[in-house]
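Participant: I'm passing along structure04.cif; it holds mmCIF, C-alpha atoms.
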```cif
data_work
loop_
_atom_site.label_atom_id
_atom_site.label_comp_id
_atom_site.auth_asym_id
_atom_site.auth_seq_id
_atom_site.Cartn_x
_atom_site.Cartn_y
_atom_site.Cartn_z
CA MET A 1 13.88 22.79 -8.43
CA PRO A 2 12.03 21.44 -5.35
CA LEU A 3 11.58 17.70 -5.10
CA THR A 4 8.12 16.18 -5.46
CA ASN A 5 7.00 13.31 -3.25
CA TYR A 6 4.50 10.79 -4.57
CA LEU A 7 1.98 8.37 -3.12
CA ILE A 8 0.90 5.52 -5.38
CA VAL A 9 -2.40 3.89 -4.40
CA VAL A 10 -2.70 0.40 -5.88
CA ALA A 11 -6.40 -0.30 -6.44
CA ALA A 12 -6.54 -2.36 -9.64
CA GLY A 13 -7.14 -5.78 -8.07
CA SER A 14 -10.27 -7.86 -8.48
CA GLY A 15 -10.69 -8.53 -4.75
CA SER A 16 -11.79 -12.10 -5.47
CA ARG A 17 -11.24 -13.25 -1.87
CA TYR A 18 -13.69 -10.68 -0.58
CA GLY A 19 -16.59 -12.31 -2.37
CA ALA A 20 -18.60 -9.19 -3.28
CA ASP A 21 -20.01 -8.03 -6.62
CA LEU A 22 -17.52 -5.16 -6.67
CA PRO A 23 -13.78 -5.27 -5.96
CA LYS A 24 -13.28 -4.64 -2.25
CA GLN A 25 -11.76 -1.18 -2.75
CA PHE A 26 -15.09 -0.02 -4.21
CA CYS A 27 -17.35 -1.64 -1.61
CA PRO A 28 -19.34 0.79 0.55
CA LEU A 29 -17.72 2.28 3.64
CA GLY A 30 -19.77 5.01 5.24
CA GLY A 31 -22.04 5.17 2.18
CA ARG A 32 -19.35 5.59 -0.47
CA PRO A 33 -16.49 3.52 -1.98
CA LEU A 34 -13.86 2.47 0.57
CA LEU A 35 -11.13 3.79 -1.74
CA MET A 36 -12.26 7.36 -1.06
CA THR A 37 -11.50 6.97 2.64
CA THR A 38 -8.07 5.53 1.81
CA ILE A 39 -7.23 8.47 -0.46
CA GLU A 40 -8.55 11.07 1.99
CA ARG A 41 -6.57 9.68 4.89
CA LEU A 42 -3.40 9.39 2.82
CA HIS A 43 -3.81 12.99 1.70
CA ALA A 44 -4.29 14.09 5.32
CA ALA A 45 -1.20 12.13 6.39
CA ALA A 46 1.03 13.59 3.64
CA PRO A 47 -0.76 16.63 2.20
CA GLY A 48 2.20 17.73 0.09
CA ALA A 49 2.53 14.45 -1.83
CA ARG A 50 1.16 13.96 -5.32
CA LEU A 51 -1.38 11.12 -5.47
CA ILE A 52 -1.43 8.57 -8.29
CA VAL A 53 -4.26 6.02 -8.16
CA VAL A 54 -3.95 2.80 -10.17
CA LEU A 55 -7.27 1.33 -11.34
CA SER A 56 -8.21 -1.47 -13.70
CA GLU A 57 -9.27 -0.17 -17.10
CA GLU A 58 -12.82 -1.44 -16.64
CA MET A 59 -13.29 0.44 -13.33
CA ARG A 60 -12.00 3.85 -14.44
CA GLY A 61 -15.39 5.02 -15.71
CA PHE A 62 -17.12 3.74 -12.57
CA TRP A 63 -14.61 5.62 -10.40
CA SER A 64 -15.16 8.89 -12.29
CA GLU A 65 -18.91 8.49 -11.85
CA MET A 66 -18.54 7.80 -8.13
CA CYS A 67 -16.30 10.85 -7.67
CA ARG A 68 -18.96 13.03 -9.31
CA GLU A 69 -21.79 11.45 -7.34
CA HIS A 70 -20.07 11.92 -3.97
CA GLY A 71 -18.41 15.25 -4.72
CA PHE A 72 -15.00 13.71 -4.09
CA GLY A 73 -12.42 16.43 -4.55
CA VAL A 74 -9.04 15.15 -3.31
CA PRO A 75 -6.64 15.85 -6.22
CA HIS A 76 -5.30 12.66 -7.79
CA GLU A 77 -4.20 11.24 -11.11
CA VAL A 78 -5.58 7.93 -12.38
CA VAL A 79 -3.47 5.44 -14.38
CA ALA A 80 -4.36 2.01 -15.73
CA GLY A 81 -3.30 -1.08 -13.82
CA GLY A 82 -1.24 -4.00 -15.08
CA ALA A 83 -1.52 -7.78 -14.99
CA SER A 84 -0.14 -7.92 -11.44
CA ARG A 85 0.36 -5.62 -8.48
CA ALA A 86 4.01 -5.10 -9.37
CA ALA A 87 3.08 -4.29 -12.97
CA SER A 88 0.51 -1.77 -11.73
CA VAL A 89 3.17 0.00 -9.68
CA ARG A 90 5.37 0.18 -12.77
CA ASN A 91 2.55 1.81 -14.70
CA ALA A 92 2.24 4.43 -11.97
CA LEU A 93 5.98 5.06 -11.93
CA ALA A 94 5.76 6.03 -15.61
CA ALA A 95 3.75 9.07 -14.47
CA VAL A 96 6.49 10.19 -12.03
CA ASP A 97 8.85 13.02 -12.95
CA ALA A 98 12.11 11.15 -12.38
CA ASP A 99 14.18 14.35 -12.65
CA CYS A 100 12.78 15.91 -9.49
CA VAL A 101 11.44 13.03 -7.43
CA GLY A 102 11.80 12.86 -3.65
CA TRP A 103 10.36 9.85 -1.90
CA ILE A 104 7.69 7.56 -3.33
CA GLY A 105 5.19 5.73 -1.16
CA VAL A 106 3.15 2.74 -2.32
CA HIS A 107 -0.09 1.93 -0.51
CA ASP A 108 -2.88 -0.64 -0.80
CA GLY A 109 -6.16 0.89 -1.92
CA ALA A 110 -8.07 -1.40 0.47
CA ARG A 111 -6.08 -0.29 3.53
CA PRO A 112 -7.89 2.85 4.72
CA MET A 113 -6.53 3.27 8.27
CA VAL A 114 -3.19 4.99 7.63
CA THR A 115 -2.43 7.79 10.14
CA PRO A 116 -0.28 10.94 10.10
CA GLU A 117 1.75 9.48 12.97
CA MET A 118 2.69 6.40 10.95
CA MET A 119 3.53 8.49 7.91
CA GLN A 120 5.78 10.70 10.02
CA ARG A 121 7.66 7.65 11.31
CA LEU A 122 8.22 6.46 7.75
CA VAL A 123 9.42 9.83 6.49
CA GLU A 124 11.79 10.20 9.43
CA ALA A 125 13.25 6.75 8.72
CA LEU A 126 14.33 8.01 5.28
CA SER A 127 15.54 11.42 6.44
CA ASP A 128 19.27 10.59 6.76
CA GLY A 129 19.49 9.34 3.17
CA GLU A 130 20.99 6.00 4.19
CA ALA A 131 17.92 3.75 4.04
CA ASP A 132 16.64 2.16 0.83
CA GLY A 133 13.14 2.06 2.24
CA ALA A 134 10.91 2.39 5.27
CA ILE A 135 8.45 -0.45 5.89
CA PRO A 136 5.66 -0.42 8.51
CA ALA A 137 5.44 -3.72 10.35
CA VAL A 138 3.72 -5.20 13.38
CA ALA A 139 4.55 -8.15 15.62
CA VAL A 140 3.00 -11.50 14.76
CA THR A 141 0.59 -12.59 17.49
CA ASP A 142 -0.50 -15.99 16.14
CA SER A 143 1.65 -19.09 16.48
CA LEU A 144 3.45 -19.93 13.23
CA ARG A 145 4.39 -23.18 11.55
CA GLU A 146 6.59 -23.68 8.49
CA VAL A 147 5.12 -26.15 6.00
CA GLY A 148 7.51 -28.62 4.41
CA SER A 149 7.94 -29.18 0.68
CA ASP A 150 5.54 -32.13 0.81
CA GLY A 151 2.74 -29.84 2.01
CA VAL A 152 1.99 -32.16 4.92
CA ARG A 153 4.76 -32.02 7.47
CA SER A 154 5.37 -28.80 9.36
CA ARG A 155 7.45 -27.42 12.19
CA ALA A 156 7.01 -24.67 14.73
CA VAL A 157 8.99 -21.45 14.24
CA ASP A 158 9.84 -18.65 16.65
CA ARG A 159 7.26 -15.94 15.94
CA SER A 160 9.37 -13.31 17.72
CA ARG A 161 11.69 -13.35 14.70
CA PHE A 162 8.87 -12.42 12.26
CA ARG A 163 6.89 -9.29 11.48
CA ALA A 164 3.73 -8.75 9.45
CA VAL A 165 4.35 -6.10 6.80
CA GLN A 166 1.90 -3.30 6.02
CA THR A 167 1.69 -0.31 3.68
CA PRO A 168 2.40 2.49 2.90
CA GLN A 169 5.99 1.58 2.12
CA LEU A 170 8.27 4.54 1.39
CA PHE A 171 11.40 4.56 -0.77
CA PRO A 172 13.85 7.09 -2.19
CA GLY A 173 12.17 7.68 -5.53
CA SER A 174 15.22 7.28 -7.77
CA ARG A 175 16.04 3.91 -6.19
CA LEU A 176 12.48 2.59 -6.54
CA ILE A 177 12.46 3.60 -10.19
CA ALA A 178 15.83 1.90 -10.74
CA ALA A 179 14.64 -1.32 -9.04
CA ASN A 180 11.59 -1.41 -11.28
CA ARG A 181 13.70 -1.48 -14.43
CA LEU A 182 14.63 -5.10 -13.64
CA PRO A 183 12.49 -8.14 -14.55
CA LEU A 184 9.53 -8.94 -12.34
CA LEU A 185 9.62 -12.16 -10.29
CA PRO A 186 6.84 -14.27 -8.72
CA THR A 187 8.32 -13.43 -5.30
CA HIS A 188 7.57 -9.73 -5.77
CA THR A 189 4.53 -9.60 -3.49
CA ASP A 190 5.25 -6.07 -2.29
CA ASP A 191 7.57 -3.22 -3.18
CA ALA A 192 10.08 -4.06 -0.46
CA SER A 193 10.65 -7.42 -2.16
CA VAL A 194 11.21 -5.66 -5.50
CA MET A 195 13.81 -3.39 -3.87
CA GLU A 196 15.53 -6.25 -2.09
CA SER A 197 15.89 -8.37 -5.23
CA ALA A 198 17.46 -5.34 -6.97
CA GLY A 199 20.12 -5.08 -4.27
CA PHE A 200 18.53 -2.25 -2.28
CA CYS A 201 18.59 -4.13 1.01
CA ARG A 202 18.81 -1.38 3.63
CA LEU A 203 15.11 -1.54 4.44
CA ARG A 204 14.19 -0.13 7.83
CA LEU A 205 11.25 -1.59 9.69
CA VAL A 206 9.10 1.10 11.29
CA GLU A 207 6.38 0.62 13.88
CA GLY A 208 3.10 -0.03 12.07
CA ASP A 209 -0.40 -0.02 13.51
CA ALA A 210 -2.51 -3.06 14.35
CA ARG A 211 -5.59 -1.15 13.14
CA ASN A 212 -4.02 -0.56 9.72
CA ILE A 213 -5.68 -3.66 8.31
CA LYS A 214 -6.14 -4.48 4.64
CA VAL A 215 -9.77 -5.23 3.82
CA THR A 216 -9.54 -8.75 2.44
CA ASN A 217 -12.30 -10.96 3.84
CA PRO A 218 -16.02 -10.48 4.52
CA GLY A 219 -16.42 -8.65 7.82
CA ASP A 220 -13.26 -6.56 7.49
CA ILE A 221 -15.21 -3.46 6.46
CA GLU A 222 -17.27 -3.69 9.64
CA ILE A 223 -14.02 -3.75 11.65
CA VAL A 224 -12.74 -0.68 9.80
CA SER A 225 -16.07 1.08 10.41
CA LEU A 226 -15.65 0.53 14.14
CA TYR A 227 -12.10 1.91 14.04
CA LEU A 228 -13.24 5.02 12.17
CA ARG A 229 -15.84 5.74 14.84
CA GLU A 230 -13.28 5.71 17.64
#
```
Could you render the structure from this file as structure tokens?
Facilitator:
Amino acid sequence: MPLTNYLIVVAAGSGSRYGADLPKQFCPLGGRPLLMTTIERLHAAAPGARLIVVLSEEMRGFWSEMCREHGFGVPHEVVAGGASRAASVRNALAAVDADCVGWIGVHDGARPMVTPEMMQRLVEALSDGEADGAIPAVAVTDSLREVGSDGVRSRAVDRSRFRAVQTPQLFPGSRLIAANRLPLLPTHTDDASVMESAGFCRLRLVEGDARNIKVTNPGDIEIVSLYLRE
């Protein structure tokens, strides 16, 4: 039986930092919800992967209405989100056929600039079967300081030793499923941290893309709009 690859799109967050009436993944980009661009570009980057989109329960009806209104036809399955990002990923993994799973990618719904070139780098990083995951990352360009336990004192750190992590993050599906059987921790801010805490530590960093930004703050959608016009 051929293996099935999956792409999980996490889009259940409230987007409180963005400051809009709608969660950021539903804010307009090119006249329709930003999430549609994310899904389209993911599908173009990995057309053979099965798409699972995680939405909050209260936004599922809105999403169905938007798909009808905009004639959005990229095939995808919708599952309900959980109380946290990590819990939402676990809900999506319940929809995966564990008996014939290949790789599983997890991507932020508000990060619409993924490219086929980046996806190819990630897939190639898993191709020898040795890696526990492939993580896109970019160099840190700002100066960094580490804040002390008192919240006041700080010290400079060497930024060349750090990378900013992006999504999609790709993992051998059986290992990601196994890691998600363990208890969730507050330090699980992305799927690489879930894997690492489960002992799957062979995580390969792959060249990301500085344009692959996550829409988080007001003004970010305008930046993405400029990138899409290039």
Participant: Counting only C-alpha atoms, which of A:Thr38, A:Ser84, A:Gln25, A:Gln120 gets nearest to His107 in chain A?
Facilitator: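 Using only C-alpha atoms, His107 in chain A sits closest to A:Thr38.
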Participant: Have a look at A:Lys214, A:Ala131, A:Leu3, A:Ser149 and name the one nearest to Cys201 in chain A; count all atoms listed in the file.
Facilitator: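 When distances to Cys201 in chain A are compared using all atoms listed in the file, the smallest one comes from A:Ala131.
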Participant: Which is closest to Val74 in chain A among A:Gly30, A:Leu35, A:Leu55, A:Ala98, if we use only C-alpha atoms?
Facilitator: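 Ranking A:Gly30, A:Leu35, A:Leu55, A:Ala98 by distance to Val74 in chain A, first place goes to A:Leu35.
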Participant: Could you list, as a ChimeraX atom specification, every residue within 12 Å of Pro112 in chain A, counting only C-alpha atoms and ignoring same-chain residues fewer than 5 positions away?
Facilitator: /A:9,11,24-26,29,33-45,107,166-168,209,211-216,220-221,223-225,227-228
Participant: So what do you get for CA of Val123 in chain A versus CA of Thr4 in chain A, distance-wise?
Facilitator: 13.6 Å
Participant: Please write the residues picked by the PyMOL selection byres ((chain A and resi 191-198) around 12) on this file as a count of residues only.
Facilitator: 53
Participant: Counting all atoms listed in the file, what is within 10 Å of Val157 in chain A, bar same-chain residues fewer than 3 positions away, as a list in words?
Facilitator: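 Residues meeting the cut-off are Ser143, Leu144, Arg145, Glu146, Ser154, Ser160, Arg161 and Phe162 of chain A.
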Participant: Nearest to Val78 in chain A among A:Ala92, A:Val114, A:Val101, A:Leu22, with distances taken over only C-alpha atoms: which residue is it?
Facilitator: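 When distances to Val78 in chain A are compared using only C-alpha atoms, the smallest one comes from A:Ala92.
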Participant: Find the spatial neighbours of Glu69 in chain A, counting only C-alpha atoms, within a cut-off of 12 Å - ignore same-chain residues fewer than 6 positions away - and output them as a list in words.
Facilitator: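 Contacts, in chain order: Gly31, Arg32, Pro33, Phe62 and Trp63 of chain A.
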Participant: What is the distance between CA of Ser64 in chain A and CA of Trp103 in chain A, in Å to one decimal?
Facilitator: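 Interatomic distance here is 27.6 Å.
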Participant: One decimal, in Å: what's the spacing between CA of Glu207 in chain A and CA of Glu222 in chain A?
Facilitator: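 Separating CA of Glu207 in chain A from CA of Glu222 in chain A is a distance of 24.4 Å.
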Participant: Name the closest residue to Ala94 in chain A among the candidates A:Glu65, A:Gly129, A:Val54, A:His70; distances are taken between atoms, counting only C-alpha atoms.
Facilitator: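 Among the listed residues, A:Val54 lies closest to Ala94 in chain A.
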Participant: Go through A:Val53, A:Val138, A:Leu93, A:Val206 one by one, measure the shortest atom-to-atom distance of each to Glu124 in chain A using all atoms listed in the file, and give the residue with the smallest value.
Facilitator: A:Val206
Participant: Please evaluate the PyMOL selection byres ((chain A and resi 49) around 7) against the structure above and give the resulting residues as JSON, numbers by chain.
Facilitator: {"A": [4, 5, 6, 7, 46, 47, 48, 50, 51]}
Participant: Could you complete range 203-217 of chain A so that it carries N, CA and C atoms, and give it back as a short mmCIF file (atom, residue, chain, number, x, y, z; two decimals), keeping the file's coordinate frame?
Facilitator:
```
data_model
loop_
_atom_site.label_atom_id
_atom_site.label_comp_id
_atom_site.auth_asym_id
_atom_site.auth_seq_id
_atom_site.Cartn_x
_atom_site.Cartn_y
_atom_site.Cartn_z
N LEU A 203 16.52 -1.81 4.23
CA LEU A 203 15.11 -1.54 4.44
C LEU A 203 14.83 -1.47 5.93
N ARG A 204 14.42 -0.32 6.40
CA ARG A 204 14.19 -0.13 7.83
C ARG A 204 12.74 -0.46 8.19
N LEU A 205 12.59 -1.31 9.18
CA LEU A 205 11.25 -1.59 9.69
C LEU A 205 10.85 -0.49 10.67
N VAL A 206 9.65 0.02 10.48
CA VAL A 206 9.10 1.10 11.29
C VAL A 206 7.84 0.58 11.96
N GLU A 207 7.57 1.06 13.15
CA GLU A 207 6.38 0.62 13.88
C GLU A 207 5.12 0.89 13.06
N GLY A 208 4.37 -0.18 12.78
CA GLY A 208 3.10 -0.03 12.07
C GLY A 208 1.96 0.21 13.05
N ASP A 209 0.78 -0.23 12.67
CA ASP A 209 -0.40 -0.02 13.51
C ASP A 209 -1.31 -1.23 13.32
N ALA A 210 -1.67 -1.87 14.43
CA ALA A 210 -2.51 -3.06 14.35
C ALA A 210 -3.86 -2.76 13.70
N ARG A 211 -4.31 -1.51 13.75
CA ARG A 211 -5.59 -1.15 13.14
C ARG A 211 -5.47 -0.90 11.64
N ASN A 212 -4.26 -0.86 11.14
CA ASN A 212 -4.02 -0.56 9.72
C ASN A 212 -4.21 -1.82 8.88
N ILE A 213 -5.41 -2.39 8.96
CA ILE A 213 -5.68 -3.66 8.31
C ILE A 213 -6.01 -3.45 6.83
N LYS A 214 -5.75 -4.47 6.04
CA LYS A 214 -6.14 -4.48 4.64
C LYS A 214 -7.47 -5.23 4.52
N VAL A 215 -8.47 -4.58 3.99
CA VAL A 215 -9.77 -5.23 3.82
C VAL A 215 -9.60 -6.35 2.80
N THR A 216 -9.79 -7.57 3.27
CA THR A 216 -9.54 -8.75 2.44
C THR A 216 -10.70 -9.73 2.47
N ASN A 217 -11.26 -9.95 3.65
CA ASN A 217 -12.30 -10.96 3.84
C ASN A 217 -13.62 -10.31 4.28
#
```
